[in-house]
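**Student:** Okay, here's the structure, questions in a sec.
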Amino acid sequence: CLLIYVQLFGMASHAAVAPGQTWLTLSTNNFRVHHTPAQTAFAKEFAHYLEDALPKLSADLGWLPHTPLDIIVNDRSDTANGLAMSVPFNHLEVYAVPFDADSSLMDYHNWVQELAVHELTHIIANDSTHGFYKFLRSIFGEIIKPNGLQATWLIEGLAVFEETKFTSGGRGRSAFAEALFRVTDYS
């Protein structure tokens with residue numbers, strides 16, 4: 001049953017990787033960043049921000065995931081995004097593309113840092129396991145991650161909060177978000 005689950009859900013990639021590419025791995029204390037030679041500069045910058053954010057986020061969220069974490073820098077997409085996956089094991093897939101000028105996410109200070117903090121928040125928060133679930137994890141392993149089943153607004157809201165808290169930008173400081181709050185009537 002676990003093997004079927006892993007095959008169906010755990011290994012899905014959102015953007016295909018071209019076969020025959022040369023891949024490099026940048027290893028740091030807590031991360032392995034897998035990238036093509038063209039993405040070396042991005043991989044180094046992303047790894048730097050991940051290393052900087054890990055102790056801050058772990059202290060703030062009260063959890064340190066098992067490291068090293070694997071990160072795949074996928075350059076086969078023109079869409080700015082990242083994907084944090086915690087099942088069957090913690091890993092990130094990120095696209096080395098800044099946000100479009102007409103995106104609601106375009107009001108950033110340092111998009112690489114904000115992406116690193118945002119996606120790492122997902123890993124730490126979704127990996128966190130306490131109480132009875134920690135006991136279940138001791139029996140069934142890393143597949144037990146109940147925080148990943150929370151509502152999307154909560155999962156994304158926490159990541160936006162942390163990206164705003166630990167960077168000089170973040171969506172919590174964006175002019176777009178401020179405009180939405182000004183025009184929204186909560187009465």
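All residue names refer to the structure tokens as shown: chains lettered A, B, ... in order, residues numbered from 1 in each chain, ligands numbered from 1 in order.
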Would you mind listing what lies within 9 Å of His35 in chain A as an MDAnalysis selection string, with only C-alpha atoms counted and same-chain residues fewer than 5 positions away left out?

**Tutor:** chainID A and resid 22:26 40 42:43 71:75

**Student:** For those residues, write N, CA and C atoms to a file as an mmCIF file, in the first residue's frame.

**Tutor:**
data_model
loop_
_atom_site.group_PDB
_atom_site.id
_atom_site.type_symbol
_atom_site.label_atom_id
_atom_site.label_comp_id
_atom_site.auth_asym_id
_atom_site.auth_seq_id
_atom_site.Cartn_x
_atom_site.Cartn_y
_atom_site.Cartn_z
ATOM 1 N N THR A 22 23.008 17.592 -17.817
ATOM 2 C CA THR A 22 24.015 17.425 -16.780
ATOM 3 C C THR A 22 23.489 18.076 -15.515
ATOM 4 N N TRP A 23 23.555 17.348 -14.409
ATOM 5 C CA TRP A 23 23.083 17.876 -13.137
ATOM 6 C C TRP A 23 24.250 17.965 -12.163
ATOM 7 N N LEU A 24 24.252 19.021 -11.393
ATOM 8 C CA LEU A 24 25.239 19.251 -10.349
ATOM 9 C C LEU A 24 24.525 19.269 -9.005
ATOM 10 N N THR A 25 25.247 19.016 -7.936
ATOM 11 C CA THR A 25 24.678 19.105 -6.595
ATOM 12 C C THR A 25 25.552 20.010 -5.752
ATOM 13 N N LEU A 26 24.943 21.061 -5.231
ATOM 14 C CA LEU A 26 25.592 21.961 -4.295
ATOM 15 C C LEU A 26 25.196 21.505 -2.896
ATOM 16 N N THR A 40 23.631 27.527 -11.666
ATOM 17 C CA THR A 40 24.581 27.503 -10.554
ATOM 18 C C THR A 40 24.490 28.752 -9.680
ATOM 19 N N PHE A 42 21.964 30.828 -9.262
ATOM 20 C CA PHE A 42 20.706 30.789 -8.519
ATOM 21 C C PHE A 42 20.791 29.771 -7.385
ATOM 22 N N ALA A 43 21.345 28.591 -7.662
ATOM 23 C CA ALA A 43 21.448 27.533 -6.643
ATOM 24 C C ALA A 43 22.258 28.012 -5.444
ATOM 25 N N ILE A 71 16.718 19.877 -2.709
ATOM 26 C CA ILE A 71 16.055 20.931 -3.472
ATOM 27 C C ILE A 71 16.398 20.709 -4.937
ATOM 28 N N ILE A 72 15.395 20.738 -5.783
ATOM 29 C CA ILE A 72 15.591 20.612 -7.219
ATOM 30 C C ILE A 72 15.298 21.967 -7.842
ATOM 31 N N VAL A 73 16.272 22.527 -8.535
ATOM 32 C CA VAL A 73 16.071 23.778 -9.267
ATOM 33 C C VAL A 73 15.692 23.372 -10.680
ATOM 34 N N ASN A 74 14.451 23.593 -11.008
ATOM 35 C CA ASN A 74 13.920 23.179 -12.302
ATOM 36 C C ASN A 74 13.855 24.396 -13.207
ATOM 37 N N ASP A 75 14.568 24.357 -14.298
ATOM 38 C CA ASP A 75 14.573 25.494 -15.209
ATOM 39 C C ASP A 75 13.744 25.231 -16.459
#

**Student:** Any chance you could list, as a list in words, the residues in range 8-119 of chain A that come up strand (DSSP E or B) when DSSP is run on the backbone?

**Tutor:**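 The strand (DSSP E or B) subset of range 8-119 of chain A is Leu24, Thr25, Leu26, Ser27, Phe31, Arg32, Val33, His34, His35, Leu69, Asp70, Ile71, Ile72, Val73, Asn74, Asn81, Gly82, Leu83, Ala84, Met85, His91, Leu92, Glu93, Val94 and Tyr95 of chain A.
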
**Student:** Take the residues that were just selected and, keeping C-alpha atoms, output them as a short mmCIF file (atom, residue, chain, number, x, y, z; two decimals), in the first residue's frame.

**Tutor:**
data_model
loop_
_atom_site.label_atom_id
_atom_site.label_comp_id
_atom_site.auth_asym_id
_atom_site.auth_seq_id
_atom_site.Cartn_x
_atom_site.Cartn_y
_atom_site.Cartn_z
CA LEU A 24 25.24 19.25 -10.35
CA THR A 25 24.68 19.11 -6.59
CA LEU A 26 25.59 21.96 -4.30
CA SER A 27 25.87 20.59 -0.76
CA PHE A 31 20.70 21.21 2.00
CA ARG A 32 21.52 19.48 -1.28
CA VAL A 33 20.61 21.74 -4.17
CA HIS A 34 20.39 19.82 -7.45
CA HIS A 35 20.67 22.06 -10.51
CA LEU A 69 16.90 18.48 2.56
CA ASP A 70 16.91 18.01 -1.21
CA ILE A 71 16.06 20.93 -3.47
CA ILE A 72 15.59 20.61 -7.22
CA VAL A 73 16.07 23.78 -9.27
CA ASN A 74 13.92 23.18 -12.30
CA ASN A 81 6.90 29.23 -8.20
CA GLY A 82 8.09 26.63 -5.80
CA LEU A 83 6.67 23.41 -4.50
CA ALA A 84 7.28 22.03 -1.03
CA MET A 85 6.61 18.31 -0.71
CA HIS A 91 12.05 18.13 -0.59
CA LEU A 92 11.53 21.28 -2.61
CA GLU A 93 11.20 21.98 -6.30
CA VAL A 94 11.75 25.59 -7.29
CA TYR A 95 11.65 27.44 -10.57
#

**Student:** Determine, for each residue of range 51-139 of chain A having at least one atom at most 10 Å from an atom of range 143-156 of chain A, the closest pair of atoms and their separation in Å to one decimal, counting only C-alpha atoms; order by chain and ascending number, as JSON lines.

**Tutor:**
{"residue": "A:Met85", "atom": "CA", "partner": "A:Gly148", "partner_atom": "CA", "distance": 9.2}
{"residue": "A:Ser86", "atom": "CA", "partner": "A:Lys145", "partner_atom": "CA", "distance": 7.7}
{"residue": "A:Val87", "atom": "CA", "partner": "A:Ile143", "partner_atom": "CA", "distance": 6.0}
{"residue": "A:Pro88", "atom": "CA", "partner": "A:Ile143", "partner_atom": "CA", "distance": 5.8}
{"residue": "A:Phe89", "atom": "CA", "partner": "A:Ile143", "partner_atom": "CA", "distance": 7.6}
{"residue": "A:His118", "atom": "CA", "partner": "A:Glu156", "partner_atom": "CA", "distance": 8.5}
{"residue": "A:Glu119", "atom": "CA", "partner": "A:Glu156", "partner_atom": "CA", "distance": 9.6}
{"residue": "A:Thr121", "atom": "CA", "partner": "A:Ile155", "partner_atom": "CA", "distance": 9.0}
{"residue": "A:His122", "atom": "CA", "partner": "A:Ile155", "partner_atom": "CA", "distance": 7.0}
{"residue": "A:Ile123", "atom": "CA", "partner": "A:Gly148", "partner_atom": "CA", "distance": 9.1}
{"residue": "A:Ile124", "atom": "CA", "partner": "A:Asn147", "partner_atom": "CA", "distance": 9.9}
{"residue": "A:Ala125", "atom": "CA", "partner": "A:Asn147", "partner_atom": "CA", "distance": 6.9}
{"residue": "A:Asn126", "atom": "CA", "partner": "A:Asn147", "partner_atom": "CA", "distance": 4.7}
{"residue": "A:Asp127", "atom": "CA", "partner": "A:Lys145", "partner_atom": "CA", "distance": 5.7}
{"residue": "A:Ser128", "atom": "CA", "partner": "A:Asn147", "partner_atom": "CA", "distance": 7.0}
{"residue": "A:Thr129", "atom": "CA", "partner": "A:Lys145", "partner_atom": "CA", "distance": 6.5}
{"residue": "A:His130", "atom": "CA", "partner": "A:Pro146", "partner_atom": "CA", "distance": 9.7}
{"residue": "A:Tyr133", "atom": "CA", "partner": "A:Ile144", "partner_atom": "CA", "distance": 6.9}
{"residue": "A:Lys134", "atom": "CA", "partner": "A:Ile144", "partner_atom": "CA", "distance": 8.1}
{"residue": "A:Phe135", "atom": "CA", "partner": "A:Ile144", "partner_atom": "CA", "distance": 9.6}
{"residue": "A:Leu136", "atom": "CA", "partner": "A:Ile144", "partner_atom": "CA", "distance": 6.8}
{"residue": "A:Arg137", "atom": "CA", "partner": "A:Ile144", "partner_atom": "CA", "distance": 5.3}
{"residue": "A:Ser138", "atom": "CA", "partner": "A:Ile144", "partner_atom": "CA", "distance": 9.0}
{"residue": "A:Ile139", "atom": "CA", "partner": "A:Ile144", "partner_atom": "CA", "distance": 9.3}

**Student:** Given the selection you just returned, output its residues as a file containing N, CA, C and O atoms, formatted as a CSV table (one decimal), in the first residue's frame.

**Tutor:**
chain,number,residue,atom,x,y,z
A,85,MET,N,7.2,19.6,-0.9
A,85,MET,CA,6.6,18.3,-0.7
A,85,MET,C,7.2,17.6,0.5
A,85,MET,O,8.4,17.6,0.7
A,86,SER,N,6.3,17.1,1.3
A,86,SER,CA,6.8,16.5,2.6
A,86,SER,C,6.5,15.0,2.6
A,86,SER,O,6.9,14.3,3.5
A,87,VAL,N,5.8,14.4,1.6
A,87,VAL,CA,5.6,13.0,1.5
A,87,VAL,C,6.1,12.5,0.1
A,87,VAL,O,5.8,13.1,-0.9
A,88,PRO,N,6.8,11.5,0.0
A,88,PRO,CA,7.2,10.6,1.1
A,88,PRO,C,8.4,11.1,1.9
A,88,PRO,O,8.7,10.5,3.0
A,89,PHE,N,9.1,12.1,1.5
A,89,PHE,CA,10.2,12.7,2.2
A,89,PHE,C,10.2,14.2,1.9
A,89,PHE,O,9.6,14.7,0.9
A,118,HIS,N,9.6,31.2,2.2
A,118,HIS,CA,8.2,30.7,2.0
A,118,HIS,C,8.2,29.2,1.9
A,118,HIS,O,7.4,28.5,2.6
A,119,GLU,N,9.0,28.6,1.0
A,119,GLU,CA,8.9,27.2,0.8
A,119,GLU,C,9.5,26.4,1.9
A,119,GLU,O,9.0,25.3,2.3
A,121,THR,N,9.3,27.3,5.0
A,121,THR,CA,8.3,27.3,6.0
A,121,THR,C,7.3,26.2,5.8
A,121,THR,O,6.9,25.5,6.8
A,122,HIS,N,6.9,25.9,4.6
A,122,HIS,CA,6.0,24.8,4.3
A,122,HIS,C,6.6,23.5,4.8
A,122,HIS,O,6.0,22.7,5.5
A,123,ILE,N,7.9,23.3,4.5
A,123,ILE,CA,8.6,22.0,4.9
A,123,ILE,C,8.6,21.9,6.4
A,123,ILE,O,8.2,20.8,7.0
A,124,ILE,N,9.0,22.9,7.1
A,124,ILE,CA,9.1,22.8,8.6
A,124,ILE,C,7.7,22.7,9.2
A,124,ILE,O,7.5,21.8,10.1
A,125,ALA,N,6.8,23.5,8.8
A,125,ALA,CA,5.4,23.4,9.4
A,125,ALA,C,4.8,22.1,9.1
A,125,ALA,O,4.1,21.5,10.0
A,126,ASN,N,4.9,21.6,7.9
A,126,ASN,CA,4.2,20.4,7.5
A,126,ASN,C,4.9,19.1,8.1
A,126,ASN,O,4.2,18.1,8.3
A,127,ASP,N,6.2,19.2,8.4
A,127,ASP,CA,6.9,18.1,8.9
A,127,ASP,C,6.7,18.0,10.4
A,127,ASP,O,6.9,16.9,11.0
A,128,SER,N,6.4,19.1,11.1
A,128,SER,CA,6.2,19.1,12.5
A,128,SER,C,5.2,18.1,13.0
A,128,SER,O,4.1,18.0,12.5
A,129,THR,N,5.6,17.3,14.0
A,129,THR,CA,4.8,16.2,14.5
A,129,THR,C,5.0,16.1,16.0
A,129,THR,O,6.1,16.0,16.5
A,130,HIS,N,3.9,16.2,16.7
A,130,HIS,CA,3.9,16.2,18.2
A,130,HIS,C,2.9,15.3,18.7
A,130,HIS,O,2.0,14.8,18.0
A,133,TYR,N,0.8,11.9,17.2
A,133,TYR,CA,1.3,11.8,15.8
A,133,TYR,C,2.8,11.5,15.8
A,133,TYR,O,3.3,10.8,15.0
A,134,LYS,N,3.5,12.0,16.8
A,134,LYS,CA,4.9,11.7,16.9
A,134,LYS,C,5.1,10.2,17.3
A,134,LYS,O,6.0,9.5,16.8
A,135,PHE,N,4.2,9.7,18.1
A,135,PHE,CA,4.2,8.2,18.4
A,135,PHE,C,3.9,7.4,17.2
A,135,PHE,O,4.6,6.4,16.9
A,136,LEU,N,2.9,7.8,16.4
A,136,LEU,CA,2.6,7.1,15.1
A,136,LEU,C,3.8,7.2,14.2
A,136,LEU,O,4.1,6.2,13.5
A,137,ARG,N,4.5,8.3,14.1
A,137,ARG,CA,5.6,8.4,13.2
A,137,ARG,C,6.7,7.5,13.6
A,137,ARG,O,7.4,7.0,12.8
A,138,SER,N,6.9,7.2,14.9
A,138,SER,CA,7.9,6.3,15.4
A,138,SER,C,7.6,4.9,14.9
A,138,SER,O,8.5,4.1,14.7
A,139,ILE,N,6.4,4.6,14.6
A,139,ILE,CA,6.0,3.3,14.1
A,139,ILE,C,6.0,3.3,12.6
A,139,ILE,O,6.5,2.4,11.9

**Student:** Please report the interatomic distance between CA of Ser168 in chain A and CA of Leu64 in chain A in Å with one decimal.

**Tutor:**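 Straight-line distance from CA of Ser168 in chain A to CA of Leu64 in chain A works out to 23.5 Å.
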
**Student:** Please provide as JSON, numbers by chain all residues within 9 Å of range 48-57 of chain A, with the sequence filter that same-chain residues fewer than 6 positions apart are discarded (counting only C-alpha atoms).

**Tutor:** {"A": [28, 29, 30, 31, 63, 64, 112, 113, 114, 116, 117, 120, 121, 124, 162, 166]}

**Student:** Take the residues just selected and output them with C-alpha atoms as a compact mmCIF listing (two decimals), in the first residue's frame.

**Tutor:**
# COMPACT_ATOMS: atom_id res chain seq x y z
CA THR A 28 25.67 22.80 2.30
CA ASN A 29 25.33 21.90 5.99
CA ASN A 30 21.58 21.30 5.70
CA PHE A 31 20.70 21.21 2.00
CA TRP A 63 10.60 22.13 14.83
CA LEU A 64 13.78 21.13 12.98
CA VAL A 112 14.97 34.49 -4.19
CA GLN A 113 15.07 35.08 -0.43
CA GLU A 114 11.28 35.34 -0.16
CA ALA A 116 13.38 30.32 0.05
CA VAL A 117 11.72 31.43 3.30
CA LEU A 120 11.09 26.25 3.73
CA THR A 121 8.25 27.35 6.03
CA ILE A 124 9.12 22.84 8.59
CA GLU A 162 7.00 33.99 7.87
CA PHE A 166 12.06 37.15 8.09
